[in-house]
Structures are given as structure tokens and as C-alpha cells.
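Pasted below: final-v1.txt, compact mmCIF, C-alpha atoms.
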```
# COMPACT_ATOMS: atom_id res chain seq x y z
CA MET A 1 16.35 15.39 19.07
CA PHE A 2 13.62 16.27 16.64
CA ARG A 3 12.92 19.44 14.74
CA ARG A 4 9.40 20.74 14.44
CA ARG A 5 8.16 22.67 11.46
CA GLN A 6 8.07 26.39 12.15
CA PRO A 7 5.06 28.66 11.45
CA ALA A 8 6.69 30.25 8.41
CA ASP A 9 6.87 26.78 6.87
CA ALA A 10 3.21 26.19 7.66
CA ASP A 11 1.99 28.75 5.13
CA ALA A 12 4.43 27.47 2.52
CA PHE A 13 3.32 23.89 3.11
CA GLY A 14 -0.35 24.86 2.75
CA ALA A 15 0.32 26.77 -0.46
CA GLU A 16 2.29 23.87 -1.87
CA VAL A 17 -0.50 21.41 -1.05
CA LEU A 18 -3.10 23.66 -2.71
CA ARG A 19 -1.06 23.61 -5.94
CA TYR A 20 -2.02 19.96 -6.36
CA LEU A 21 -5.74 20.45 -5.86
CA GLU A 22 -6.71 19.94 -9.51
CA SER A 23 -4.65 16.80 -9.91
CA LEU A 24 -5.92 15.40 -6.60
CA TYR A 25 -9.47 16.06 -7.72
CA ALA A 26 -8.79 14.45 -11.11
CA THR A 27 -7.45 11.37 -9.32
CA ALA A 28 -10.40 11.36 -6.94
CA MET A 29 -12.77 11.53 -9.91
CA ARG A 30 -11.17 8.48 -11.51
CA LEU A 31 -11.33 6.57 -8.22
CA THR A 32 -14.88 7.44 -7.24
CA ARG A 33 -16.33 8.16 -10.70
CA ASN A 34 -18.70 10.60 -9.09
CA ARG A 35 -18.37 14.30 -8.33
CA ALA A 36 -19.79 14.40 -4.83
CA ASP A 37 -17.62 11.51 -3.59
CA ALA A 38 -14.57 12.98 -5.33
CA GLU A 39 -15.12 16.31 -3.62
CA ASP A 40 -15.45 14.64 -0.23
CA LEU A 41 -12.39 12.52 -0.85
CA VAL A 42 -10.22 15.53 -1.73
CA GLN A 43 -11.40 17.41 1.32
CA ASP A 44 -10.76 14.48 3.63
CA THR A 45 -7.32 14.03 2.07
CA LEU A 46 -6.44 17.63 2.86
CA VAL A 47 -7.76 17.40 6.40
CA LYS A 48 -5.46 14.42 6.96
CA ALA A 49 -2.53 15.99 5.11
CA PHE A 50 -2.67 19.07 7.32
CA ARG A 51 -3.24 17.05 10.43
CA PHE A 52 -0.26 14.79 9.79
CA SER A 53 1.94 17.36 8.04
CA ASP A 54 4.79 16.73 10.48
CA LYS A 55 5.04 13.22 9.02
CA PHE A 56 5.95 14.64 5.62
CA GLU A 57 9.70 14.76 5.02
CA PRO A 58 10.63 18.02 3.32
CA GLY A 59 12.46 17.46 0.08
CA THR A 60 10.55 14.29 -0.80
CA ASN A 61 7.73 14.04 -3.33
CA LEU A 62 4.76 15.93 -1.85
CA ARG A 63 2.43 14.97 -4.70
CA ALA A 64 3.17 11.27 -4.12
CA TRP A 65 2.64 11.73 -0.38
CA LEU A 66 -0.74 13.40 -0.93
CA SER A 67 -1.76 10.81 -3.47
CA THR A 68 -0.90 8.03 -1.04
CA ILE A 69 -3.16 9.62 1.57
CA LEU A 70 -5.92 9.96 -1.00
CA HIS A 71 -5.65 6.32 -2.10
CA ASN A 72 -5.51 5.09 1.50
CA THR A 73 -8.54 7.15 2.43
CA TRP A 74 -10.45 5.76 -0.53
CA ARG A 75 -9.39 2.19 0.20
CA ASN A 76 -10.58 2.49 3.80
CA ARG A 77 -13.84 4.01 2.72
CA VAL A 78 -14.48 1.25 0.19
CA ARG A 79 -13.63 -1.34 2.81
CA ASP A 80 -15.87 0.28 5.41
CA ALA A 81 -18.70 0.32 2.89
CA GLY A 82 -18.19 -3.41 2.25
CA ARG A 83 -17.36 -2.75 -1.38
CA GLU A 84 -13.87 -4.24 -1.34
CA ALA A 85 -12.49 -4.41 -4.87
CA VAL A 86 -12.40 -8.02 -5.94
CA GLU A 87 -9.38 -9.28 -7.83
CA VAL A 88 -10.58 -9.98 -11.32
CA ASP A 89 -10.25 -13.55 -12.46
CA SER A 90 -7.23 -13.61 -14.74
CA THR A 91 -8.47 -16.41 -17.00
CA ARG A 92 -11.61 -14.49 -17.77
CA LEU A 93 -9.49 -11.46 -18.59
CA GLU A 94 -7.24 -13.36 -20.92
CA GLU A 95 -10.27 -14.74 -22.71
CA ALA A 96 -11.73 -11.27 -23.06
CA GLU A 97 -8.44 -10.02 -24.40
CA THR A 98 -8.22 -12.77 -27.01
CA THR A 99 -11.78 -12.17 -28.17
CA ALA A 100 -11.20 -8.47 -28.55
CA GLU A 101 -8.06 -9.02 -30.56
CA GLY A 102 -9.83 -11.49 -32.84
CA SER A 103 -12.45 -8.98 -33.89
CA SER A 104 -12.05 -7.38 -37.28
CA ALA A 105 -12.93 -3.94 -35.91
CA SER A 106 -9.67 -3.78 -33.96
CA GLU A 107 -7.37 -0.90 -34.69
CA THR A 108 -3.66 -0.80 -34.08
CA PRO A 109 -2.43 1.48 -31.32
CA GLU A 110 -0.97 3.72 -33.99
CA GLN A 111 -4.33 4.09 -35.69
CA LEU A 112 -5.89 5.07 -32.40
CA LEU A 113 -3.13 7.61 -31.88
CA LEU A 114 -3.55 9.03 -35.35
CA ARG A 115 -7.25 9.40 -34.78
CA ASN A 116 -6.33 11.84 -32.05
CA THR A 117 -8.17 10.11 -29.23
CA LEU A 118 -10.18 12.60 -27.23
CA ASP A 119 -9.54 13.00 -23.54
CA VAL A 120 -13.21 12.47 -22.91
CA ASP A 121 -12.98 9.04 -24.59
CA LEU A 122 -9.93 8.21 -22.55
CA ARG A 123 -11.66 9.20 -19.31
CA ALA A 124 -14.68 7.12 -20.27
CA ALA A 125 -12.50 4.12 -21.19
CA LEU A 126 -10.59 4.43 -17.91
CA ASP A 127 -13.83 4.53 -15.98
CA GLU A 128 -14.83 1.21 -17.54
CA LEU A 129 -11.79 -0.61 -16.14
CA PRO A 130 -12.14 -2.63 -12.94
CA ASP A 131 -10.94 -0.54 -9.95
CA VAL A 132 -7.62 -2.24 -9.31
CA PHE A 133 -6.47 -1.88 -12.93
CA ARG A 134 -7.72 1.68 -13.31
CA GLN A 135 -5.87 2.74 -10.16
CA ALA A 136 -2.58 1.14 -11.19
CA VAL A 137 -2.64 2.50 -14.75
CA TRP A 138 -3.67 5.96 -13.62
CA MET A 139 -0.91 6.19 -11.03
CA ARG A 140 1.74 4.95 -13.45
CA ASP A 141 0.88 6.66 -16.74
CA VAL A 142 -1.00 9.76 -15.67
CA GLU A 143 0.48 10.58 -12.27
CA GLU A 144 3.80 9.01 -13.31
CA PHE A 145 4.64 7.37 -10.01
CA SER A 146 7.31 4.70 -9.65
CA TYR A 147 6.31 1.05 -9.12
CA ALA A 148 7.54 1.33 -5.53
CA GLU A 149 5.41 4.41 -4.84
CA ILE A 150 2.34 2.72 -6.31
CA ALA A 151 2.99 -0.46 -4.33
CA LYS A 152 3.14 1.62 -1.14
CA ALA A 153 0.00 3.59 -1.92
CA LEU A 154 -2.02 0.51 -2.88
CA ASP A 155 -0.43 -1.74 -0.26
CA VAL A 156 0.35 -4.56 -2.70
CA PRO A 157 3.66 -6.15 -3.83
CA ILE A 158 5.55 -4.58 -6.75
CA GLY A 159 4.96 -7.69 -8.90
CA THR A 160 1.22 -7.22 -8.52
CA VAL A 161 1.55 -3.55 -9.42
CA MET A 162 3.40 -4.41 -12.63
CA SER A 163 0.92 -7.05 -13.69
CA ARG A 164 -2.02 -4.72 -12.99
CA ILE A 165 -0.39 -1.97 -15.04
CA SER A 166 0.27 -4.35 -17.89
CA ARG A 167 -3.23 -5.77 -18.00
CA GLY A 168 -4.83 -2.43 -17.30
CA ARG A 169 -3.10 -0.78 -20.24
CA ARG A 170 -4.20 -3.55 -22.62
CA MET A 171 -7.74 -3.50 -21.32
CA LEU A 172 -7.80 0.25 -21.82
CA LEU A 173 -6.84 -0.10 -25.46
CA ASP A 174 -9.53 -2.75 -25.95
CA GLN A 175 -12.05 -0.46 -24.34
CA LEU A 176 -11.09 2.39 -26.64
CA ARG A 177 -11.48 0.11 -29.64
CA LYS A 178 -14.94 -0.89 -28.46
CA THR A 179 -15.89 2.78 -28.09
CA ARG A 180 -14.64 3.45 -31.61
CA ALA A 181 -16.45 0.45 -33.04
CA THR A 182 -19.78 1.62 -31.62
CA ALA A 183 -19.21 5.32 -32.38
CA MET B 1 6.01 -21.51 -16.43
CA SER B 2 5.68 -21.00 -20.13
CA GLU B 3 8.02 -18.61 -21.88
CA CYS B 4 5.08 -16.36 -22.87
CA ARG B 5 3.90 -16.08 -19.29
CA ARG B 6 7.40 -15.34 -18.03
CA ILE B 7 7.95 -12.65 -20.66
CA GLY B 8 4.46 -11.29 -19.94
CA GLU B 9 5.58 -10.40 -16.43
CA SER B 10 8.24 -8.11 -17.85
CA LEU B 11 6.05 -6.30 -20.34
CA ALA B 12 5.15 -3.36 -18.05
CA ALA B 13 8.81 -2.68 -17.36
CA TYR B 14 9.61 -3.25 -21.03
CA ALA B 15 7.07 -0.61 -22.10
CA ASP B 16 8.43 1.70 -19.39
CA ASP B 17 11.98 1.06 -20.60
CA LEU B 18 13.09 0.02 -17.14
CA LEU B 19 14.64 -3.36 -17.98
CA LYS B 20 18.36 -4.06 -17.76
CA PRO B 21 19.98 -4.51 -21.18
CA ALA B 22 20.22 -8.30 -20.80
CA GLU B 23 16.54 -8.61 -19.79
CA ARG B 24 15.52 -6.29 -22.56
CA SER B 25 17.34 -8.35 -25.19
CA GLU B 26 15.68 -11.48 -23.87
CA VAL B 27 12.21 -9.91 -24.17
CA GLU B 28 12.96 -8.62 -27.65
CA ARG B 29 14.20 -12.04 -28.79
CA HIS B 30 10.95 -13.58 -27.61
CA LEU B 31 8.78 -10.88 -29.17
CA ALA B 32 10.54 -11.34 -32.52
CA ALA B 33 9.58 -15.00 -32.45
CA CYS B 34 6.08 -14.77 -30.89
CA PRO B 35 3.35 -12.77 -32.71
CA ALA B 36 0.85 -13.11 -29.81
CA CYS B 37 3.20 -11.55 -27.26
CA ARG B 38 4.32 -8.99 -29.83
CA LYS B 39 0.72 -7.86 -30.14
CA LEU B 40 0.25 -7.64 -26.38
CA ALA B 41 3.45 -5.60 -26.04
CA GLY B 42 2.37 -3.31 -28.88
CA ASN B 43 -1.00 -2.70 -27.30
CA GLU B 44 0.57 -1.99 -23.96
CA GLN B 45 3.01 0.51 -25.42
CA GLY B 46 0.20 2.14 -27.39
CA ALA B 47 -1.97 2.63 -24.31
CA ARG B 48 1.00 3.99 -22.40
CA ARG B 49 1.75 6.53 -25.12
CA LEU B 50 -1.89 7.61 -25.33
CA LEU B 51 -2.15 8.16 -21.58
CA ARG B 52 1.14 9.98 -21.21
CA GLN B 53 0.30 12.21 -24.14
CA ALA B 54 -3.05 13.09 -22.58
CA SER B 55 -1.93 13.22 -18.94
CA PRO B 56 -1.75 17.04 -18.62
CA GLU B 57 -5.39 17.27 -19.73
CA LEU B 58 -6.46 14.23 -17.70
CA LEU B 59 -4.99 15.80 -14.57
CA ASN B 60 -6.69 19.09 -15.19
CA GLU B 61 -10.25 18.52 -13.98
CA THR B 62 -12.33 21.63 -13.34
CA LEU B 63 -12.91 21.93 -9.61
CA PRO B 64 -16.50 22.09 -8.40
CA PRO B 65 -17.53 25.50 -7.04
CA GLY B 66 -16.51 26.06 -3.45
CA LEU B 67 -13.99 23.23 -3.19
CA ARG B 68 -10.94 25.49 -3.55
CA ALA B 69 -12.34 27.96 -1.03
CA ARG B 70 -12.99 25.19 1.47
CA CYS B 71 -9.51 23.75 0.99
CA GLU B 72 -7.94 27.19 1.36
CA ALA B 73 -9.86 27.59 4.60
CA LEU B 74 -8.39 24.28 5.78
CA ALA B 75 -4.90 25.49 4.90
CA ARG B 76 -5.42 28.76 6.77
CA GLU B 77 -6.80 26.87 9.71
CA ARG B 78 -3.72 24.67 9.83
CA SER B 79 -1.41 27.61 9.52
CA ALA B 80 -3.24 29.31 12.38
CA THR B 81 -3.04 26.16 14.48
CA GLN B 82 0.71 26.10 13.95
CA LEU B 83 0.92 29.72 15.01
CA ALA B 84 -1.01 28.94 18.15
CA ARG B 85 1.30 26.04 18.87
CA PHE B 86 4.45 28.08 18.42
CA GLY B 87 3.14 31.39 19.75
CA PRO B 88 4.06 32.96 23.06
CA TRP B 89 3.01 31.15 26.23
CA TRP B 90 0.09 33.47 26.99
CA ARG B 91 -1.35 32.81 23.59
CA VAL B 92 -1.00 29.06 23.92
CA ARG B 93 -2.75 29.23 27.31
CA LEU B 94 -5.49 31.41 25.91
CA VAL B 95 -6.46 28.87 23.30
CA PRO B 96 -7.77 25.89 25.23
CA VAL B 97 -6.11 22.61 24.44
CA LEU B 98 -9.37 21.12 23.23
CA LEU B 99 -9.77 23.87 20.67
CA THR B 100 -6.82 23.09 18.51
CA VAL B 101 -8.52 24.83 15.66
CA VAL B 102 -9.79 28.33 14.90
CA VAL B 103 -7.49 31.27 15.21
CA MET B 104 -8.76 33.21 12.24
CA ILE B 105 -10.85 36.32 12.08
CA PHE B 106 -13.62 35.87 9.60
CA GLY B 107 -16.70 37.71 8.56
CA ALA B 108 -19.61 35.30 8.34
CA SER B 109 -21.46 37.24 5.71
CA ALA B 110 -20.57 35.02 2.75
CA PHE B 111 -21.89 31.83 4.27
CA LEU B 112 -24.81 33.38 6.04
CA SER B 113 -26.09 35.11 2.95
CA ILE B 114 -26.20 31.67 1.35
CA ALA B 115 -27.57 30.00 4.45
CA THR B 116 -30.40 32.42 4.91
CA ARG B 117 -31.53 31.98 1.33
CA ARG B 118 -31.54 28.24 1.64
CA SER B 119 -34.48 26.15 2.68
CA ASP B 120 -34.41 24.58 6.12
CA ALA B 121 -33.89 21.19 4.49
CA LEU B 122 -30.79 22.37 2.65
CA LEU B 123 -29.38 24.05 5.72
CA ALA B 124 -30.06 20.91 7.77
CA ALA B 125 -28.42 18.70 5.12
CA GLN B 126 -25.34 20.89 4.99
CA LEU B 127 -24.95 21.01 8.75
CA THR B 128 -25.66 17.28 9.08
CA ALA B 129 -22.82 16.61 6.65
CA ASP B 130 -20.58 18.83 8.72
CA HIS B 131 -21.69 17.15 11.95
CA SER B 132 -20.78 13.71 10.60
CA LYS B 133 -17.52 14.83 9.12
CA CYS B 134 -16.24 16.67 12.16
CA PHE B 135 -16.96 13.77 14.48
CA LYS B 136 -15.69 11.16 12.05
CA PHE B 137 -12.49 12.70 10.84
CA LEU B 138 -11.33 15.00 13.56
CA GLY B 139 -13.25 13.42 16.31
CA PRO B 140 -13.79 14.70 19.80
CA PRO B 141 -10.33 15.58 21.13
CA ASP B 142 -10.67 13.19 24.07
CA GLY B 143 -13.19 12.11 26.64
CA THR B 144 -12.85 15.09 28.95
CA SER B 145 -15.29 17.93 29.32
CA ALA B 146 -14.47 21.35 27.92
CA ASP B 147 -15.00 24.60 29.73
CA ALA B 148 -17.86 26.60 28.24
CA ARG B 149 -16.42 29.93 29.33
CA ASN B 150 -13.15 29.24 27.51
CA ILE B 151 -15.09 28.45 24.37
CA GLU B 152 -17.15 31.62 24.69
CA ARG B 153 -13.98 33.65 25.14
CA MET B 154 -12.48 32.11 22.04
CA LEU B 155 -15.63 32.80 20.00
CA PHE B 156 -15.57 36.41 21.10
CA GLU B 157 -11.86 36.98 20.67
CA GLN B 158 -11.61 35.30 17.32
CA TYR B 159 -14.96 36.23 15.78
CA GLY B 160 -16.29 39.08 17.85
CA TRP B 161 -19.37 36.97 18.62
CA ARG B 162 -20.99 36.98 22.00
CA VAL B 163 -22.46 33.51 22.24
CA HIS B 164 -23.61 31.88 25.43
CA VAL B 165 -22.46 28.26 25.09
CA PRO B 166 -24.42 25.83 27.26
CA SER B 167 -21.96 24.09 29.57
CA SER B 168 -22.01 20.42 30.57
CA SER B 169 -25.02 19.40 32.60
CA ALA B 170 -24.91 16.19 34.59
CA ASP B 171 -28.68 16.35 35.22
CA ASP B 172 -29.43 16.26 31.50
CA ASP B 173 -26.49 13.94 30.62
CA VAL B 174 -25.00 16.65 28.42
CA GLN B 175 -21.22 16.79 28.12
CA LEU B 176 -19.57 19.69 26.32
CA ILE B 177 -16.50 18.31 24.58
CA GLY B 178 -15.21 21.15 22.43
CA ALA B 179 -15.76 23.47 19.53
CA ARG B 180 -14.28 23.89 16.12
CA ARG B 181 -14.82 25.73 12.90
CA CYS B 182 -17.08 24.15 10.27
CA LEU B 183 -15.49 22.47 7.30
CA TYR B 184 -18.49 23.49 5.27
CA GLY B 185 -19.82 26.90 4.50
CA ASP B 186 -16.24 27.99 3.84
CA GLY B 187 -15.44 27.38 7.47
CA LEU B 188 -17.32 30.38 8.75
CA VAL B 189 -19.65 28.91 11.34
CA PRO B 190 -18.70 27.80 14.85
CA HIS B 191 -19.54 24.21 15.69
CA VAL B 192 -19.96 23.26 19.34
CA MET B 193 -19.69 19.53 20.04
CA TYR B 194 -21.44 17.60 22.78
CA ARG B 195 -21.97 14.02 23.93
CA VAL B 196 -25.48 13.23 25.07
CA HIS B 197 -26.27 9.68 26.24
CA GLY B 198 -23.16 8.54 24.37
CA GLN B 199 -24.33 10.15 21.13
CA ASP B 200 -22.58 12.86 19.12
CA VAL B 201 -24.55 16.08 19.15
CA SER B 202 -23.68 19.32 17.39
CA LEU B 203 -24.79 22.86 18.05
CA PHE B 204 -24.25 25.30 15.19
CA VAL B 205 -24.51 29.02 15.83
CA LEU B 206 -25.39 31.33 12.94
CA PRO B 207 -25.22 34.90 14.21
CA GLY B 208 -26.94 37.71 12.36
CA THR B 209 -29.78 35.64 10.96
CA GLU B 210 -33.24 34.64 12.15
CA ARG B 211 -35.21 31.65 10.91
CA LYS B 212 -38.54 30.22 11.86
CA ALA B 213 -38.33 27.32 14.29
CA ASP B 214 -38.29 23.94 12.59
CA ASP B 215 -37.67 20.32 13.50
CA LEU B 216 -36.85 18.01 10.64
CA VAL B 217 -35.10 14.76 9.76
CA THR B 218 -32.51 14.86 6.99
CA LEU B 219 -29.96 12.20 6.04
CA GLY B 220 -30.84 10.14 9.10
CA HIS B 221 -30.29 13.08 11.46
CA ARG B 222 -32.64 15.30 13.35
CA SER B 223 -32.08 19.02 13.02
CA GLN B 224 -33.80 21.33 15.45
CA ILE B 225 -33.70 24.93 14.29
CA TRP B 226 -34.60 27.91 16.43
CA SER B 227 -33.71 31.58 16.71
CA ARG B 228 -33.21 33.99 19.55
CA ASP B 229 -32.21 37.65 19.49
CA GLY B 230 -31.04 37.70 15.88
CA THR B 231 -29.10 34.42 16.05
CA THR B 232 -30.11 31.09 14.58
CA PHE B 233 -29.19 27.86 16.34
CA VAL B 234 -29.26 24.40 14.82
CA MET B 235 -28.86 21.28 16.92
CA VAL B 236 -28.01 18.09 15.00
CA SER B 237 -28.08 14.52 16.35
CA ALA B 238 -28.72 11.00 15.05
CA ALA B 239 -32.46 10.72 14.32
CA ASP B 240 -32.91 7.58 16.39
CA ALA B 241 -30.94 8.79 19.39
CA GLY B 242 -33.18 8.10 22.35
CA GLY B 243 -33.44 10.10 25.53
CA MET B 244 -32.63 13.41 23.86
CA ALA B 245 -35.69 15.33 25.02
CA SER B 246 -34.31 16.74 28.25
CA ALA B 247 -30.92 17.45 26.62
CA SER B 248 -32.65 19.31 23.76
CA ARG B 249 -34.70 21.36 26.16
CA TYR B 250 -31.61 22.18 28.17
CA VAL B 251 -29.55 23.30 25.15
CA MET B 252 -32.45 25.25 23.66
CA ARG B 253 -33.03 27.00 26.94
CA GLU B 254 -29.38 27.80 27.58
CA ALA B 255 -28.06 28.75 24.13
CA ARG B 256 -28.24 32.47 23.45
```

Could you render the structure from this file as C-alpha cells?
Amino acid sequence: MFRRRQPADADAFGAEVLRYLESLYATAMRLTRNRADAEDLVQDTLVKAFRFSDKFEPGTNLRAWLSTILHNTWRNRVRDAGREAVEVDSTRLEEAETTAEGSSASETPEQLLLRNTLDVDLRAALDELPDVFRQAVWMRDVEEFSYAEIAKALDVPIGTVMSRISRGRRMLLDQLRKTRATA
Amino acid sequence: MSECRRIGESLAAYADDLLKPAERSEVERHLAACPACRKLAGNEQGARRLLRQASPELLNETLPPGLRARCEALARERSATQLARFGPWWRVRLVPVLLTVVVMIFGASAFLSIATRRSDALLAAQLTADHSKCFKFLGPPDGTSADARNIERMLFEQYGWRVHVPSSSADDDVQLIGARRCLYGDGLVPHVMYRVHGQDVSLFVLPGTERKADDLVTLGHRSQIWSRDGTTFVMVSAADAGGMASASRYVMREAR
């Protein structure tokens, strides 16, 4: 038979979900890049999380579960709005990468690290990445999800996740260099 | 497939240190011999380090005002719903099946003090957002009509409000489908949901406040505002919904 969550657990579940509010909002901000949409997205995520709380398996990663709901909600909303993220042409990317590396203004990753890159620069650089790369890099390096968790949340194969992370990270570094060069 | 391309597919896992020893040695052998790939791998590792170093700050966005309060209200609402579901039989019966929400006792003062200061346009925009959200995300529970007296009893027992909720009216094509608590305004305003000519229609009841009558279009929705005996009512429907006149008259006449 099945076991339903008891009322005492309900309060604990709610409190646990609320602990992740800031990080959910931070993720929503990187996805939507706009405060009003981010706020809506977080709220809708919580409505769904509470509505489908019996689907959550106690003892598993609640943050990953919530993040998956948030990403799904956003993906559906983008699709409904006819703004489906288009896979970026990989040849064009490789060309862009080569050009950036050829420029004399380029700094090594270590130099960027030593310059104590500001979070605000990082957020701005992340926001410049095409959606699919920003999402993959954010989930891996900021939210620290496994490839499998990201693949599930984004509904793409693990190989695609890895290649998006790889490219996304390199594009991010290029973007930071550009910011520095123009600063 | 060129060697560089093949190695390129392993660079994410290489930076994450997730490769098996044999795969790792293979990547390192290639990187030692290939400056272009070495550079790509270096950049990737650099970006990874930067992000992981900054992740606590990146994840710590300041929440906009009101968001935490609204989310806490959602959590309380859920907790209350669970209580209703697991409570004694008389309690489960008392809360109509359609009203799966709302078992909290709230004072409305916080929201109403804001609402009464706001312009009609702001109030209409806020309630229009709530109208769309409730219908879109929680949706009408099902196609059946709800009993107005049950809803009134719930509003009184949970909030202490005596509200006369207009019941379904076949003559005016008005179907009462349920009521819930607003997601907006910190969840302090009852929201009665109807179907009129196949359109979603909301009636919001703001006790303890009087506003001048108004009829305005905001965000593609028509908001009709009126007051009676110290209570403000706002009826929200899609602006282009035809055939609403008799339904509006009916609801305005009956709500009190």
C-alpha cells in the first residue's frame, strides 16, 4: 500500500522549501533576467511544489527537485510564449571562440582570478550567454547538480549537457575578458 | 572524428574531475601535445573555478519585498490543506471538496490598508494578475457547480466575514465553481470563481473598505468595482468577453 505524508510533516516540508527561496530566486533571475518574471516564476514553482508534494521522495535532494520544477515551469512558459531557445550554431561558436582567443587583450584564467572578479561582473557575463548554455553552466557550477540531474531538469541527453557546460564555461570566460577589455 | 573533437567531448568531465584514470591519462596526453585544446581546457577550468568560488554570493539574491510573505502564505495554506485532509470526518465534511484551500484565520488589515491607499488601476492590476494566476495554475477544480451556502459558511468560519455569495444562476448563465484565497495581497482576500458564457470570472471581496464605483480595463481585463455596506467588491473578466451584461448585473445585485 502507500503511505501518505502526515500533517506534522506538512509544516516541516513547507519550512524546508522556504529555506531555498533565495537560491530559487537567484536561479529564476538568471533564467528570466528580469525581476518581475523571476518573482512570478518562484511563486509558480512553490505553488506546484506544494501541490505535488506527495511526489517528492523524502530523503532525496529537495533543492534539486525544486529546481527541476522551476526549470520545467520556465521551459513551458518559454514554449507557450513561442520563444523556444534555439540551439546555437556550433560552427559560429567555434569561430567566435577562436577570434576571442586571438585577441591581444585576452587574459589567462589565472589573471582573471587574481583580479578578483566581482560577482556583479559574473552575473552580467552569465546573462550574456545564450539561454541553453547559461542554464547548463549555472546548474553545474553554481547549483552544483550532477550531469544526470541537469539532464532530467532540462530534458536533454547527458552528452548534450556536458557539451553545453563545456562551451558555456568557455564562452563565459570570453565574455568576462570582453567586459575587462572595455572597462 | 578528429582527436581534438573526441577529447573536447571529455573536457567538462575532465574539469569536473569525473573521468576514470585511463580516460584522464588519455586526455592529459592529448593536452600535452595540443596547445589549442590545452587552452580550451584551461579556460574551462578557469571559468569553473571562478563560478564555484562565487557561487555562495551568486545564490544569494535579495528577495523583492513581499515575495517571502507570499511564499510563506502558500506554505501555510498547504499545511492547512493537509490538516483538512487528515482531520476528523466532520472537519473534512465541513470544508467542501471544491474548496481545497483556505483553513487559516487571517486579519485582512495588512492587505486592505495597502489596497485602500492604491489607485483603482493598481488594485485592478493586482486583482487581474491574481485572477489569471488562479485560473491558470490551480484552475477550477472541475466542471461542477459549487454550493454558495457552503462557501459563505467557510468564509464566516475561517475569516469571520459575513459575505453573501451569489449562487449559480441559469437565467444569467452564471456558474459558481468555487472559492479560494488570493495568491496576491499576502493571501488575505477571498476569491470567488465563476464561469459565465464559458469565460473565467472572478469576484473579489474586500471587507472593511469602501471605494467609489469604477469600471476600467487593465491588462486586457475589465474590472468593475463597487461598494456596499462597508465592503468593496471587484469583478474581473476578460475585457472582450461578450454577453456579460446580465451576469454583471446579477452578481452586482446579489453580492453583499

Exercise. How many Å lie between atom CA of Ala28 of chain A and atom CA of Asp130 of chain B, rounded to one decimal?
Worked result: 20.1 Å

Quick one: which chain B residues come within 6 Å of chain A, and what is the nearest atom pair for each with the distance in Å to one decimal, counting all atoms listed in the file, rows ordered by chain and ascending number, as a tab-separated table?
```
residue	atom	partner	partner_atom	distance
B:Ala12	CA	A:Ser166	CA	5.0
B:Asn43	CA	A:Arg170	CA	5.7
B:Glu44	CA	A:Arg170	CA	5.2
B:Gly46	CA	A:Pro109	CA	4.8
B:Ala47	CA	A:Arg169	CA	5.4
B:Leu51	CA	A:Asp141	CA	5.9
B:Arg52	CA	A:Asp141	CA	5.6
B:Ser55	CA	A:Val142	CA	4.9
B:Leu59	CA	A:Ser23	CA	4.8
B:Asn60	CA	A:Glu22	CA	5.7
B:Glu61	CA	A:Ala26	CA	5.2
B:Ala75	CA	A:Gly14	CA	5.1
B:Ser79	CA	A:Ala10	CA	5.2
B:Gln82	CA	A:Pro7	CA	5.6
B:Leu83	CA	A:Pro7	CA	5.6
```

For this session: Determine, counting only C-alpha atoms, which protein, DNA and RNA residues have an atom within 10 Å of an atom of Gly220 of chain B; residues of the same chain fewer than 4 positions away are not included. Present the result as a list in words.
Result: Ala125, Thr128, Ser237, Ala238, Ala239 and Asp240 of chain B

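Using all atoms listed in the file, the nearest neighbour of Ala148 of chain A within the list A:Phe133, A:Lys178, A:Thr68, A:Arg77 is A:Thr68.
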
Exercise. Using all atoms listed in the file, which of the listed residues (B:Ser168, B:Gln126, B:Thr231, B:Ser223) sits closest to Thr209 of chain B?
Worked result: B:Thr231
